[in-house]
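Source file run21.txt; content: compact mmCIF, C-alpha atoms.
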```txt
# COMPACT_ATOMS: atom_id res chain seq x y z
CA MET A 1 10.78 3.30 -21.54
CA GLN A 2 8.06 0.62 -21.66
CA PHE A 3 4.85 0.82 -19.67
CA PHE A 4 3.02 -2.49 -19.14
CA SER A 5 -0.56 -1.68 -18.29
CA PHE A 6 -4.20 -2.34 -19.05
CA TRP A 7 -7.02 0.10 -19.70
CA ARG A 8 -9.11 -1.16 -16.78
CA SER A 9 -6.32 -1.43 -14.18
CA LEU A 10 -6.74 1.37 -11.64
CA ALA A 11 -3.12 1.10 -10.48
CA SER A 12 -2.03 1.52 -14.12
CA PHE A 13 -4.34 4.54 -14.35
CA ARG A 14 -2.44 6.19 -11.47
CA VAL A 15 0.91 5.77 -13.19
CA ARG A 16 -0.57 6.94 -16.53
CA ILE A 17 -1.65 10.20 -14.87
CA ALA A 18 1.81 10.65 -13.35
CA LEU A 19 3.47 10.01 -16.72
CA ASN A 20 1.19 12.60 -18.35
CA ILE A 21 1.96 15.17 -15.63
CA LYS A 22 5.68 14.61 -16.18
CA GLY A 23 5.25 14.85 -19.96
CA LEU A 24 6.61 11.34 -20.52
CA SER A 25 5.38 9.05 -23.33
CA PRO A 26 6.73 5.53 -22.90
CA GLU A 27 5.85 2.70 -25.26
CA VAL A 28 2.59 1.28 -23.90
CA ILE A 29 2.21 -2.51 -23.85
CA SER A 30 -1.27 -3.78 -23.00
CA VAL A 31 -1.56 -6.87 -20.80
CA ASP A 32 -5.20 -7.96 -20.92
CA LEU A 33 -6.21 -8.79 -17.33
CA MET A 34 -9.61 -10.00 -18.53
CA LYS A 35 -7.93 -12.68 -20.67
CA GLY A 36 -5.43 -13.51 -17.91
CA GLU A 37 -2.47 -12.35 -20.02
CA GLN A 38 -0.66 -11.28 -16.84
CA ARG A 39 -0.08 -14.99 -16.19
CA ASN A 40 1.50 -15.61 -19.63
CA ASP A 41 5.24 -16.33 -19.78
CA ALA A 42 5.92 -13.10 -21.66
CA TYR A 43 4.70 -10.91 -18.80
CA ARG A 44 5.90 -13.23 -16.02
CA LYS A 45 9.43 -12.60 -17.29
CA VAL A 46 8.87 -8.87 -16.80
CA ASN A 47 7.04 -9.01 -13.46
CA PRO A 48 6.99 -12.43 -11.76
CA GLN A 49 4.30 -11.13 -9.40
CA MET A 50 1.98 -11.05 -12.45
CA LEU A 51 0.42 -7.75 -11.35
CA LEU A 52 0.12 -4.50 -13.27
CA PRO A 53 1.58 -1.99 -13.81
CA ALA A 54 5.29 -2.34 -14.52
CA LEU A 55 7.61 0.30 -15.96
CA VAL A 56 10.84 -0.74 -17.70
CA THR A 57 13.45 2.00 -17.84
CA ASP A 58 15.66 2.67 -20.86
CA GLU A 59 18.44 0.92 -18.92
CA GLY A 60 16.25 -2.18 -18.53
CA ALA A 61 15.35 -1.86 -14.83
CA VAL A 62 11.88 -3.26 -14.12
CA LEU A 63 9.90 -1.12 -11.68
CA PHE A 64 6.72 -2.43 -10.08
CA GLN A 65 4.01 -1.24 -7.66
CA SER A 66 2.21 1.96 -8.67
CA MET A 67 3.31 3.96 -5.62
CA ALA A 68 6.96 2.97 -6.08
CA ILE A 69 6.79 3.89 -9.78
CA MET A 70 5.26 7.30 -9.03
CA GLU A 71 7.91 7.98 -6.38
CA TYR A 72 10.57 7.00 -8.95
CA LEU A 73 9.14 9.35 -11.57
CA ASP A 74 9.18 12.11 -8.96
CA ASP A 75 12.78 11.30 -8.01
CA VAL A 76 14.02 11.34 -11.61
CA HIS A 77 11.74 14.01 -13.13
CA PRO A 78 11.04 16.34 -10.18
CA HIS A 79 9.19 19.06 -12.12
CA PRO A 80 6.28 19.33 -11.63
CA ASN A 81 6.49 17.62 -8.26
CA LEU A 82 3.95 15.03 -7.14
CA LEU A 83 4.94 15.54 -3.50
CA PRO A 84 5.20 18.78 -1.51
CA SER A 85 8.61 19.82 -0.17
CA GLU A 86 7.76 19.95 3.55
CA ALA A 87 8.01 16.68 5.50
CA VAL A 88 4.64 16.71 7.33
CA ALA A 89 2.84 17.67 4.12
CA ARG A 90 4.64 14.85 2.28
CA ALA A 91 3.55 12.44 5.03
CA ARG A 92 -0.06 13.55 4.66
CA VAL A 93 0.03 13.08 0.88
CA ARG A 94 1.59 9.63 1.27
CA GLY A 95 -0.88 8.75 4.04
CA LEU A 96 -3.88 9.77 1.94
CA SER A 97 -2.43 7.84 -1.00
CA GLY A 98 -2.09 4.81 1.27
CA ILE A 99 -5.80 4.89 2.12
CA VAL A 100 -6.36 3.92 -1.50
CA ALA A 101 -3.18 2.02 -2.42
CA SER A 102 -2.69 0.09 0.86
CA ASP A 103 -6.17 -0.17 2.40
CA ALA A 104 -9.08 0.00 -0.02
CA HIS A 105 -7.92 -0.92 -3.52
CA PRO A 106 -6.08 -4.17 -2.62
CA LEU A 107 -9.44 -5.61 -1.52
CA ILE A 108 -11.22 -5.18 -4.84
CA VAL A 109 -8.61 -6.22 -7.40
CA PRO A 110 -9.35 -9.07 -9.86
CA ARG A 111 -7.36 -11.75 -8.00
CA VAL A 112 -9.38 -11.10 -4.81
CA ARG A 113 -12.71 -11.07 -6.68
CA ASP A 114 -11.64 -14.34 -8.34
CA TYR A 115 -10.80 -15.92 -4.96
CA LEU A 116 -14.19 -14.88 -3.55
CA GLU A 117 -15.94 -16.41 -6.56
CA ARG A 118 -13.95 -19.59 -7.17
CA ASP A 119 -12.64 -20.58 -3.76
CA LEU A 120 -15.28 -19.18 -1.41
CA LYS A 121 -18.23 -19.67 -3.85
CA ILE A 122 -19.55 -16.20 -3.05
CA ASP A 123 -22.26 -15.24 -5.52
CA GLU A 124 -22.29 -12.07 -7.58
CA PRO A 125 -24.60 -9.84 -5.44
CA VAL A 126 -22.57 -10.61 -2.30
CA ARG A 127 -19.31 -10.00 -4.15
CA LEU A 128 -20.65 -6.63 -5.23
CA ARG A 129 -21.56 -5.87 -1.60
CA TRP A 130 -17.96 -6.70 -0.65
CA ILE A 131 -16.64 -4.37 -3.36
CA HIS A 132 -18.99 -1.55 -2.31
CA HIS A 133 -18.08 -2.01 1.35
CA TRP A 134 -14.34 -1.51 0.77
CA LEU A 135 -14.76 1.21 -1.84
CA GLY A 136 -16.90 2.99 0.76
CA GLU A 137 -14.45 2.50 3.64
CA GLY A 138 -11.76 4.15 1.52
CA MET A 139 -13.99 7.03 0.48
CA LYS A 140 -15.24 7.65 4.04
CA ALA A 141 -11.68 7.82 5.33
CA PHE A 142 -10.62 10.13 2.50
CA GLU A 143 -13.64 12.45 2.83
CA THR A 144 -13.28 12.72 6.61
CA ASN A 145 -9.65 13.70 6.31
CA LEU A 146 -10.21 16.15 3.44
CA ALA A 147 -13.26 17.79 5.04
CA THR A 148 -11.60 18.31 8.45
CA SER A 149 -8.01 19.24 7.52
CA LYS A 150 -6.84 22.81 7.07
CA GLU A 151 -4.32 21.48 4.57
CA THR A 152 -7.03 20.69 2.02
CA GLY A 153 -7.20 23.27 -0.76
CA ILE A 154 -8.15 23.20 -4.41
CA HIS A 155 -6.47 19.82 -4.32
CA CYS A 156 -6.01 17.27 -1.52
CA GLN A 157 -2.90 19.01 -0.20
CA GLY A 158 -3.05 22.72 -0.89
CA ASP A 159 -3.55 23.96 -4.43
CA ASN A 160 -1.22 21.72 -6.38
CA VAL A 161 -1.70 18.21 -7.73
CA THR A 162 -0.02 15.51 -5.67
CA MET A 163 -0.01 11.71 -5.55
CA ALA A 164 -3.00 11.94 -3.21
CA ASP A 165 -5.13 13.47 -5.99
CA ILE A 166 -3.97 10.77 -8.38
CA CYS A 167 -4.89 7.99 -5.94
CA LEU A 168 -8.21 9.64 -5.10
CA VAL A 169 -9.18 9.97 -8.77
CA SER A 170 -8.30 6.31 -9.44
CA HIS A 171 -10.50 5.28 -6.52
CA ALA A 172 -13.37 7.50 -7.69
CA VAL A 173 -13.23 5.95 -11.15
CA GLY A 174 -13.28 2.53 -9.47
CA CYS A 175 -16.46 3.64 -7.68
CA ASN A 176 -17.96 4.62 -11.02
CA PHE A 177 -17.07 1.25 -12.55
CA PHE A 178 -18.93 -0.55 -9.76
CA LYS A 179 -21.80 1.98 -9.55
CA TYR A 180 -20.89 3.04 -6.02
CA ASP A 181 -22.59 6.38 -5.30
CA LEU A 182 -20.23 9.26 -4.44
CA ALA A 183 -23.03 11.63 -3.31
CA PRO A 184 -22.07 11.39 0.42
CA PHE A 185 -18.54 12.63 -0.31
CA PRO A 186 -18.75 16.30 -1.40
CA THR A 187 -15.09 17.22 -0.87
CA VAL A 188 -13.97 14.12 -2.74
CA ARG A 189 -16.34 14.97 -5.60
CA ARG A 190 -15.17 18.58 -5.80
CA ILE A 191 -11.50 17.59 -6.01
CA VAL A 192 -12.09 14.74 -8.46
CA GLU A 193 -14.05 17.09 -10.76
CA THR A 194 -11.26 19.67 -10.56
CA CYS A 195 -8.64 17.06 -11.45
CA MET A 196 -10.63 15.61 -14.34
CA LYS A 197 -10.64 19.04 -16.02
CA GLU A 198 -6.89 18.74 -16.42
CA ASP A 199 -5.57 17.04 -19.56
CA ALA A 200 -3.13 14.84 -17.65
CA PHE A 201 -6.04 13.25 -15.81
CA ALA A 202 -8.69 13.31 -18.54
CA LYS A 203 -6.48 11.71 -21.20
CA ALA A 204 -5.42 8.98 -18.74
CA HIS A 205 -9.00 7.85 -18.06
CA PRO A 206 -9.39 4.08 -18.45
CA LEU A 207 -12.21 4.40 -20.98
CA LYS A 208 -10.01 6.58 -23.23
CA GLN A 209 -7.34 3.90 -23.65
CA PRO A 210 -6.96 1.64 -26.72
CA GLY A 211 -9.09 -1.50 -26.37
CA ALA A 212 -11.47 0.02 -23.81
CA PRO A 213 -15.24 -0.21 -24.32
CA ALA A 214 -17.41 2.91 -24.50
CA ALA A 215 -18.70 2.21 -20.98
CA VAL A 216 -18.42 -0.45 -18.27
CA MET B 1 6.13 12.45 19.94
CA GLN B 2 3.32 9.97 20.58
CA PHE B 3 3.09 6.58 18.92
CA PHE B 4 -0.36 4.98 18.90
CA SER B 5 0.13 1.28 18.34
CA PHE B 6 -0.69 -2.23 19.51
CA TRP B 7 1.60 -5.15 20.20
CA ARG B 8 -0.09 -7.40 17.64
CA SER B 9 -0.42 -4.85 14.81
CA LEU B 10 2.07 -5.72 12.08
CA ALA B 11 1.92 -2.21 10.59
CA SER B 12 2.78 -0.82 14.05
CA PHE B 13 5.65 -3.32 14.23
CA ARG B 14 7.11 -1.83 11.04
CA VAL B 15 7.10 1.69 12.44
CA ARG B 16 8.49 0.44 15.77
CA ILE B 17 11.50 -1.04 13.95
CA ALA B 18 12.03 2.24 12.05
CA LEU B 19 11.84 4.25 15.29
CA ASN B 20 14.42 1.94 16.88
CA ILE B 21 16.75 2.25 13.88
CA LYS B 22 16.50 6.04 14.11
CA GLY B 23 17.09 5.95 17.88
CA LEU B 24 13.74 7.62 18.61
CA SER B 25 11.67 6.83 21.73
CA PRO B 26 8.22 8.39 21.49
CA GLU B 27 5.58 7.96 24.19
CA VAL B 28 3.82 4.69 23.30
CA ILE B 29 0.04 4.59 23.63
CA SER B 30 -1.53 1.17 23.26
CA VAL B 31 -4.84 0.91 21.39
CA ASP B 32 -6.16 -2.62 21.97
CA LEU B 33 -7.40 -3.91 18.60
CA MET B 34 -8.71 -7.07 20.24
CA LYS B 35 -11.05 -5.00 22.44
CA GLY B 36 -11.98 -2.71 19.53
CA GLU B 37 -10.41 0.33 21.22
CA GLN B 38 -9.54 1.75 17.80
CA ARG B 39 -13.26 2.56 17.44
CA ASN B 40 -13.43 4.50 20.75
CA ASP B 41 -13.88 8.27 20.58
CA ALA B 42 -10.44 8.87 22.10
CA TYR B 43 -8.65 7.24 19.17
CA ARG B 44 -11.15 8.35 16.51
CA LYS B 45 -10.16 11.92 17.35
CA VAL B 46 -6.54 11.03 16.59
CA ASN B 47 -7.14 8.92 13.47
CA PRO B 48 -10.71 8.96 12.11
CA GLN B 49 -9.84 5.99 9.91
CA MET B 50 -9.60 3.95 13.16
CA LEU B 51 -6.55 2.06 11.92
CA LEU B 52 -3.15 1.67 13.55
CA PRO B 53 -0.51 2.99 13.71
CA ALA B 54 -0.52 6.78 14.08
CA LEU B 55 2.39 9.01 15.01
CA VAL B 56 1.75 12.45 16.51
CA THR B 57 4.67 14.86 16.13
CA ASP B 58 5.78 17.29 18.85
CA GLU B 59 4.02 20.00 16.82
CA GLY B 60 0.75 18.01 16.94
CA ALA B 61 0.63 16.76 13.34
CA VAL B 62 -1.05 13.37 13.11
CA LEU B 63 0.69 11.00 10.69
CA PHE B 64 -0.97 7.80 9.54
CA GLN B 65 -0.21 4.79 7.30
CA SER B 66 2.95 2.85 8.19
CA MET B 67 4.71 3.51 4.86
CA ALA B 68 4.01 7.25 5.06
CA ILE B 69 5.28 7.36 8.64
CA MET B 70 8.49 5.52 7.74
CA GLU B 71 9.07 7.85 4.80
CA TYR B 72 8.53 10.81 7.16
CA LEU B 73 11.03 9.44 9.68
CA ASP B 74 13.52 9.02 6.84
CA ASP B 75 12.86 12.58 5.61
CA VAL B 76 13.35 14.14 9.06
CA HIS B 77 15.99 11.81 10.53
CA PRO B 78 17.96 10.68 7.47
CA HIS B 79 20.72 8.81 9.31
CA PRO B 80 20.75 5.86 9.09
CA ASN B 81 18.73 5.89 5.89
CA LEU B 82 15.87 3.45 5.28
CA LEU B 83 16.09 4.05 1.53
CA PRO B 84 19.13 3.88 -0.76
CA SER B 85 20.24 7.05 -2.53
CA GLU B 86 19.97 5.85 -6.13
CA ALA B 87 16.54 6.18 -7.80
CA VAL B 88 16.17 2.67 -9.28
CA ALA B 89 17.31 1.10 -6.01
CA ARG B 90 14.81 3.28 -4.11
CA ALA B 91 12.08 2.13 -6.49
CA ARG B 92 12.98 -1.52 -5.88
CA VAL B 93 12.89 -1.02 -2.10
CA ARG B 94 9.53 0.74 -2.30
CA GLY B 95 8.22 -1.90 -4.73
CA LEU B 96 9.25 -4.77 -2.45
CA SER B 97 7.72 -2.92 0.51
CA GLY B 98 4.51 -2.55 -1.49
CA ILE B 99 4.26 -6.33 -1.99
CA VAL B 100 3.61 -6.47 1.75
CA ALA B 101 2.02 -3.10 2.51
CA SER B 102 -0.18 -2.77 -0.60
CA ASP B 103 -0.82 -6.34 -1.75
CA ALA B 104 -0.60 -9.01 0.92
CA HIS B 105 -1.08 -7.47 4.36
CA PRO B 106 -4.29 -5.49 3.59
CA LEU B 107 -6.04 -8.81 2.96
CA ILE B 108 -5.39 -10.32 6.38
CA VAL B 109 -6.00 -7.39 8.77
CA PRO B 110 -8.64 -7.68 11.56
CA ARG B 111 -11.35 -5.68 9.76
CA VAL B 112 -11.14 -8.03 6.74
CA ARG B 113 -11.15 -11.17 8.91
CA ASP B 114 -14.17 -9.71 10.76
CA TYR B 115 -16.01 -9.07 7.49
CA LEU B 116 -15.35 -12.64 6.32
CA GLU B 117 -16.68 -13.99 9.62
CA ARG B 118 -19.65 -11.70 10.32
CA ASP B 119 -20.88 -10.65 6.89
CA LEU B 120 -19.90 -13.59 4.71
CA LYS B 121 -20.34 -16.26 7.46
CA ILE B 122 -17.06 -17.90 6.48
CA ASP B 123 -16.04 -20.45 9.10
CA GLU B 124 -12.68 -20.51 10.85
CA PRO B 125 -10.84 -23.17 8.78
CA VAL B 126 -11.79 -21.41 5.53
CA ARG B 127 -10.78 -18.03 6.98
CA LEU B 128 -7.41 -19.53 7.87
CA ARG B 129 -7.08 -20.83 4.29
CA TRP B 130 -7.76 -17.26 3.06
CA ILE B 131 -5.09 -15.89 5.38
CA HIS B 132 -2.54 -18.53 4.32
CA HIS B 133 -3.31 -17.93 0.65
CA TRP B 134 -2.52 -14.20 0.81
CA LEU B 135 0.41 -14.58 3.18
CA GLY B 136 1.78 -17.07 0.66
CA GLU B 137 1.17 -14.89 -2.40
CA GLY B 138 3.19 -12.13 -0.72
CA MET B 139 6.01 -14.47 0.27
CA LYS B 140 6.18 -16.10 -3.18
CA ALA B 141 6.46 -12.68 -4.84
CA PHE B 142 9.10 -11.54 -2.35
CA GLU B 143 11.18 -14.75 -2.59
CA THR B 144 11.08 -14.76 -6.41
CA ASN B 145 12.33 -11.19 -6.56
CA LEU B 146 15.01 -11.67 -3.88
CA ALA B 147 16.27 -14.97 -5.32
CA THR B 148 16.56 -13.68 -8.90
CA SER B 149 17.82 -10.12 -8.43
CA LYS B 150 21.49 -9.18 -8.46
CA GLU B 151 20.58 -6.33 -6.09
CA THR B 152 19.87 -8.72 -3.21
CA GLY B 153 22.70 -8.83 -0.69
CA ILE B 154 22.94 -9.43 3.04
CA HIS B 155 19.68 -7.52 3.08
CA CYS B 156 16.89 -7.12 0.51
CA GLN B 157 18.69 -4.28 -1.27
CA GLY B 158 22.44 -4.65 -0.93
CA ASP B 159 24.00 -4.93 2.51
CA ASN B 160 22.12 -2.26 4.44
CA VAL B 161 18.73 -2.34 6.15
CA THR B 162 15.94 -0.66 4.18
CA MET B 163 12.16 -0.37 4.42
CA ALA B 164 11.97 -3.57 2.36
CA ASP B 165 13.62 -5.55 5.19
CA ILE B 166 11.24 -3.97 7.70
CA CYS B 167 8.19 -4.90 5.62
CA LEU B 168 9.53 -8.41 4.97
CA VAL B 169 10.16 -9.04 8.67
CA SER B 170 6.66 -7.83 9.60
CA HIS B 171 5.20 -10.22 7.02
CA ALA B 172 7.34 -13.12 8.25
CA VAL B 173 6.15 -12.55 11.82
CA GLY B 174 2.58 -12.49 10.48
CA CYS B 175 3.29 -15.89 8.90
CA ASN B 176 4.51 -17.15 12.30
CA PHE B 177 1.36 -15.87 14.02
CA PHE B 178 -0.81 -17.83 11.60
CA LYS B 179 1.50 -20.90 11.44
CA TYR B 180 2.26 -20.41 7.76
CA ASP B 181 5.38 -22.42 6.91
CA LEU B 182 8.31 -20.37 5.56
CA ALA B 183 10.36 -23.43 4.51
CA PRO B 184 9.80 -22.82 0.75
CA PHE B 185 11.35 -19.33 1.00
CA PRO B 186 15.09 -19.72 1.74
CA THR B 187 16.18 -16.19 0.77
CA VAL B 188 13.38 -14.68 2.80
CA ARG B 189 14.34 -16.82 5.79
CA ARG B 190 18.02 -15.92 5.54
CA ILE B 191 17.30 -12.18 5.47
CA VAL B 192 14.68 -12.32 8.22
CA GLU B 193 17.11 -14.23 10.47
CA THR B 194 19.84 -11.68 9.75
CA CYS B 195 17.50 -8.79 10.62
CA MET B 196 16.23 -10.39 13.82
CA LYS B 197 19.80 -10.52 15.16
CA GLU B 198 19.78 -6.72 15.21
CA ASP B 199 18.51 -5.00 18.35
CA ALA B 200 16.28 -2.57 16.41
CA PHE B 201 14.32 -5.52 15.03
CA ALA B 202 14.49 -7.90 18.00
CA LYS B 203 13.31 -5.34 20.55
CA ALA B 204 10.43 -4.31 18.28
CA HIS B 205 9.00 -7.86 18.04
CA PRO B 206 5.26 -7.92 18.83
CA LEU B 207 5.65 -10.50 21.59
CA LYS B 208 8.20 -8.29 23.39
CA GLN B 209 5.76 -5.39 23.81
CA PRO B 210 3.84 -4.55 27.01
CA GLY B 211 0.55 -6.46 27.18
CA ALA B 212 1.64 -9.16 24.73
CA PRO B 213 1.23 -12.84 25.63
CA ALA B 214 4.19 -15.23 25.73
CA ALA B 215 3.06 -16.78 22.44
CA VAL B 216 0.16 -16.55 19.96
```
For this file, produce the structure as structure tokens.
Amino acid sequence: MQFFSFWRSLASFRVRIALNIKGLSPEVISVDLMKGEQRNDAYRKVNPQMLLPALVTDEGAVLFQSMAIMEYLDDVHPHPNLLPSEAVARARVRGLSGIVASDAHPLIVPRVRDYLERDLKIDEPVRLRWIHHWLGEGMKAFETNLATSKETGIHCQGDNVTMADICLVSHAVGCNFFKYDLAPFPTVRRIVETCMKEDAFAKAHPLKQPGAPAAV
Amino acid sequence: MQFFSFWRSLASFRVRIALNIKGLSPEVISVDLMKGEQRNDAYRKVNPQMLLPALVTDEGAVLFQSMAIMEYLDDVHPHPNLLPSEAVARARVRGLSGIVASDAHPLIVPRVRDYLERDLKIDEPVRLRWIHHWLGEGMKAFETNLATSKETGIHCQGDNVTMADICLVSHAVGCNFFKYDLAPFPTVRRIVETCMKEDAFAKAHPLKQPGAPAAV
């Protein structure tokens, strides 16, 4: 298995956590987003969308989109599960995951920041306000759901790790990267801290990957 | 079952197609995004994230995020399936769906267009260029995958309807709304035309819903 990723990519971070939870160690191939390597021919042949991450199976199938890859890992390596067994609980986990993967994170990725800078000529402080706004919208939605749902436990859904925890942690680390204060989100903070005590999460942290700086 | 939706919401459109395919007819409650009704107390109590759609089960569980709702419908009403049975094929369907649901569509929703207008003071022609850019990025990614994959058949994945077709059709209708030309995407056009011949898709079209205008 080959895992195309980059230390700073938050979507890659999600899949890295899932791989760790499943005990899988694919060959890791770094595609440096800061140098634009995702647009090089070598990676375009793997994923023409030029986005990270991508996972290539031993049979040569190229999987893309972090949520789809995590669902695949759960389909093929079901223990430990990243989704609960009951349908409404599964829907909640996927819905919470979507707050990050389909609402908040798509608005702060490099290609969007580049468009704001190059095409719309938005200067750096206003771009940072944009980033903080959408990071915050995601965190507010997540916190409100977690703090008001009886389903919330040690983790987002009950007491076991699910995809929702993985997505939440990736978003929290994104907040740290951009110095967005998590103080107003106590349930989020509690769950993120709990997750980060687990090896599968801690070892997947962006700043612990080869090529990463000591801090951002 | 109650389905909170709006005729113009493309994420609601996706779930409406899935409900039709499954032969389900929930009570439909319109939340007028153009009047900002999603921010009213009545809907905030249903979905604090104030986004559409939401599906409330007969047991009172509130499901949110279009992908999570479609996965739930497929979990609970598996026939006909919206996902293939084989893991790599499922991953491709979810990955293609994510091109729309997690990459392209989040960038053109009302709250983002509002932020561009009100906070960044971007004028209408430049906002339309933004919308066309991200509609196009999604379509280019989709077309490239469809046109180069042996898995593509009558539909996105083989010859049966999947979530990928639903997401593709919703994105194509979004392109129509914003007058984005689909001529450069022949495989996309072929599959969208095939889908729209089916009742489940045709009857779900935004402009066929109560309250919709004759054209946009």
Write out as JSON lines the residues of chain B that have any atom within 6 Å of an atom of chain A, one row each with the nearest atom pair and its distance in Å to one decimal, counting only C-alpha atoms, sorted by chain and then rising number.
```
{"residue": "B:Gln49", "atom": "CA", "partner": "A:Ala141", "partner_atom": "CA", "distance": 5.3}
{"residue": "B:Phe64", "atom": "CA", "partner": "A:Gly95", "partner_atom": "CA", "distance": 5.6}
{"residue": "B:Gln65", "atom": "CA", "partner": "A:Gly95", "partner_atom": "CA", "distance": 5.2}
{"residue": "B:Ala68", "atom": "CA", "partner": "A:Arg94", "partner_atom": "CA", "distance": 5.1}
{"residue": "B:Tyr72", "atom": "CA", "partner": "A:Ala91", "partner_atom": "CA", "distance": 5.7}
{"residue": "B:Ala91", "atom": "CA", "partner": "A:Ala68", "partner_atom": "CA", "distance": 5.2}
{"residue": "B:Arg94", "atom": "CA", "partner": "A:Ala68", "partner_atom": "CA", "distance": 5.1}
{"residue": "B:Gly95", "atom": "CA", "partner": "A:Gln65", "partner_atom": "CA", "distance": 5.2}
{"residue": "B:Ala101", "atom": "CA", "partner": "A:Ser102", "partner_atom": "CA", "distance": 5.9}
{"residue": "B:Ser102", "atom": "CA", "partner": "A:Ser102", "partner_atom": "CA", "distance": 4.1}
{"residue": "B:Asp103", "atom": "CA", "partner": "A:Pro106", "partner_atom": "CA", "distance": 5.8}
{"residue": "B:Pro106", "atom": "CA", "partner": "A:Asp103", "partner_atom": "CA", "distance": 5.8}
{"residue": "B:Ala141", "atom": "CA", "partner": "A:Gln49", "partner_atom": "CA", "distance": 5.3}
```
Nearest to B:Thr162, chosen from B:Ser85, B:Ala212, B:Asp123, B:Arg111, with all atoms listed in the file counted in the distances: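 Using all atoms listed in the file, the shortest distance to B:Thr162 belongs to B:Ser85.
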Å distance separating atom CA of B:Met196 from atom CA of B:Gln209, one decimal place: 15.3 Å
Given all atoms listed in the file as the counted atoms, nearest of A:Gly153, A:Gly211, A:Gly158, A:Gly174 to A:Gly136: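 Answer, going by the shortest atom-to-atom distance: A:Gly174.
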Counting only C-alpha atoms, the option among B:Glu37, B:Glu198, B:Asp165, B:Asp58 closest to B:Phe3: B:Asp58
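Put simply, atom CA of A:Asn20 is 17.5 Å away from atom CA of A:His155.
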Straight-line distance linking atom CA of B:Leu82 with atom CA of B:Leu207, stated in Å to one decimal: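 Taking atom CA of B:Leu82 as the start and atom CA of B:Leu207 as the end point, the length is 23.8 Å.
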Test item: residues at most 8 Å from B:Ala172, all atoms listed in the file, excluding those fewer than 4 positions along its chain, as an mmCIF file with C-alpha atoms, in the coordinates of the input:
```cif
data_model
loop_
_atom_site.group_PDB
_atom_site.id
_atom_site.type_symbol
_atom_site.label_atom_id
_atom_site.label_comp_id
_atom_site.auth_asym_id
_atom_site.auth_seq_id
_atom_site.Cartn_x
_atom_site.Cartn_y
_atom_site.Cartn_z
ATOM 1 C CA LEU B 168 9.530 -8.410 4.970
ATOM 2 C CA ASN B 176 4.510 -17.150 12.300
ATOM 3 C CA LEU B 182 8.310 -20.370 5.560
ATOM 4 C CA VAL B 192 14.680 -12.320 8.220
#
```
Excluding same-chain residues fewer than 3 positions from A:Phe6, what lies within 10 Å of it counting all atoms listed in the file, as a short mmCIF file (atom, residue, chain, number, x, y, z; two decimals) with C-alpha atoms, keeping the file's coordinate frame?
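Once written, around.cif looks like this:
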```cif
data_model
loop_
_atom_site.label_atom_id
_atom_site.label_comp_id
_atom_site.auth_asym_id
_atom_site.auth_seq_id
_atom_site.Cartn_x
_atom_site.Cartn_y
_atom_site.Cartn_z
CA PHE A 3 4.85 0.82 -19.67
CA SER A 9 -6.32 -1.43 -14.18
CA LEU A 10 -6.74 1.37 -11.64
CA ALA A 11 -3.12 1.10 -10.48
CA SER A 12 -2.03 1.52 -14.12
CA PHE A 13 -4.34 4.54 -14.35
CA VAL A 28 2.59 1.28 -23.90
CA ILE A 29 2.21 -2.51 -23.85
CA SER A 30 -1.27 -3.78 -23.00
CA VAL A 31 -1.56 -6.87 -20.80
CA ASP A 32 -5.20 -7.96 -20.92
CA LEU A 33 -6.21 -8.79 -17.33
CA MET A 34 -9.61 -10.00 -18.53
CA GLN A 38 -0.66 -11.28 -16.84
CA LEU A 52 0.12 -4.50 -13.27
CA PRO A 53 1.58 -1.99 -13.81
CA PRO A 206 -9.39 4.08 -18.45
CA GLN A 209 -7.34 3.90 -23.65
CA PRO A 210 -6.96 1.64 -26.72
CA GLY A 211 -9.09 -1.50 -26.37
CA ALA A 212 -11.47 0.02 -23.81
#
```
Contacts of A:Lys208 at 12 Å (all atoms listed in the file; same-chain gap of 3+ positions) as a ChimeraX atom specification: /A:6-8,13,16,199,201-205,211-215
Closest of B:Val169, B:Leu83, B:Ala54, B:Ala200 to B:Ala18 - atom-to-atom distances counting all atoms listed in the file: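 Smallest distance to B:Ala18 is found for B:Ala200.
Checking B:Gln2, B:Gly36, B:Pro80, B:Pro110 one by one against B:Glu59, counting only C-alpha atoms, you find the shortest gap at B:Gln2.
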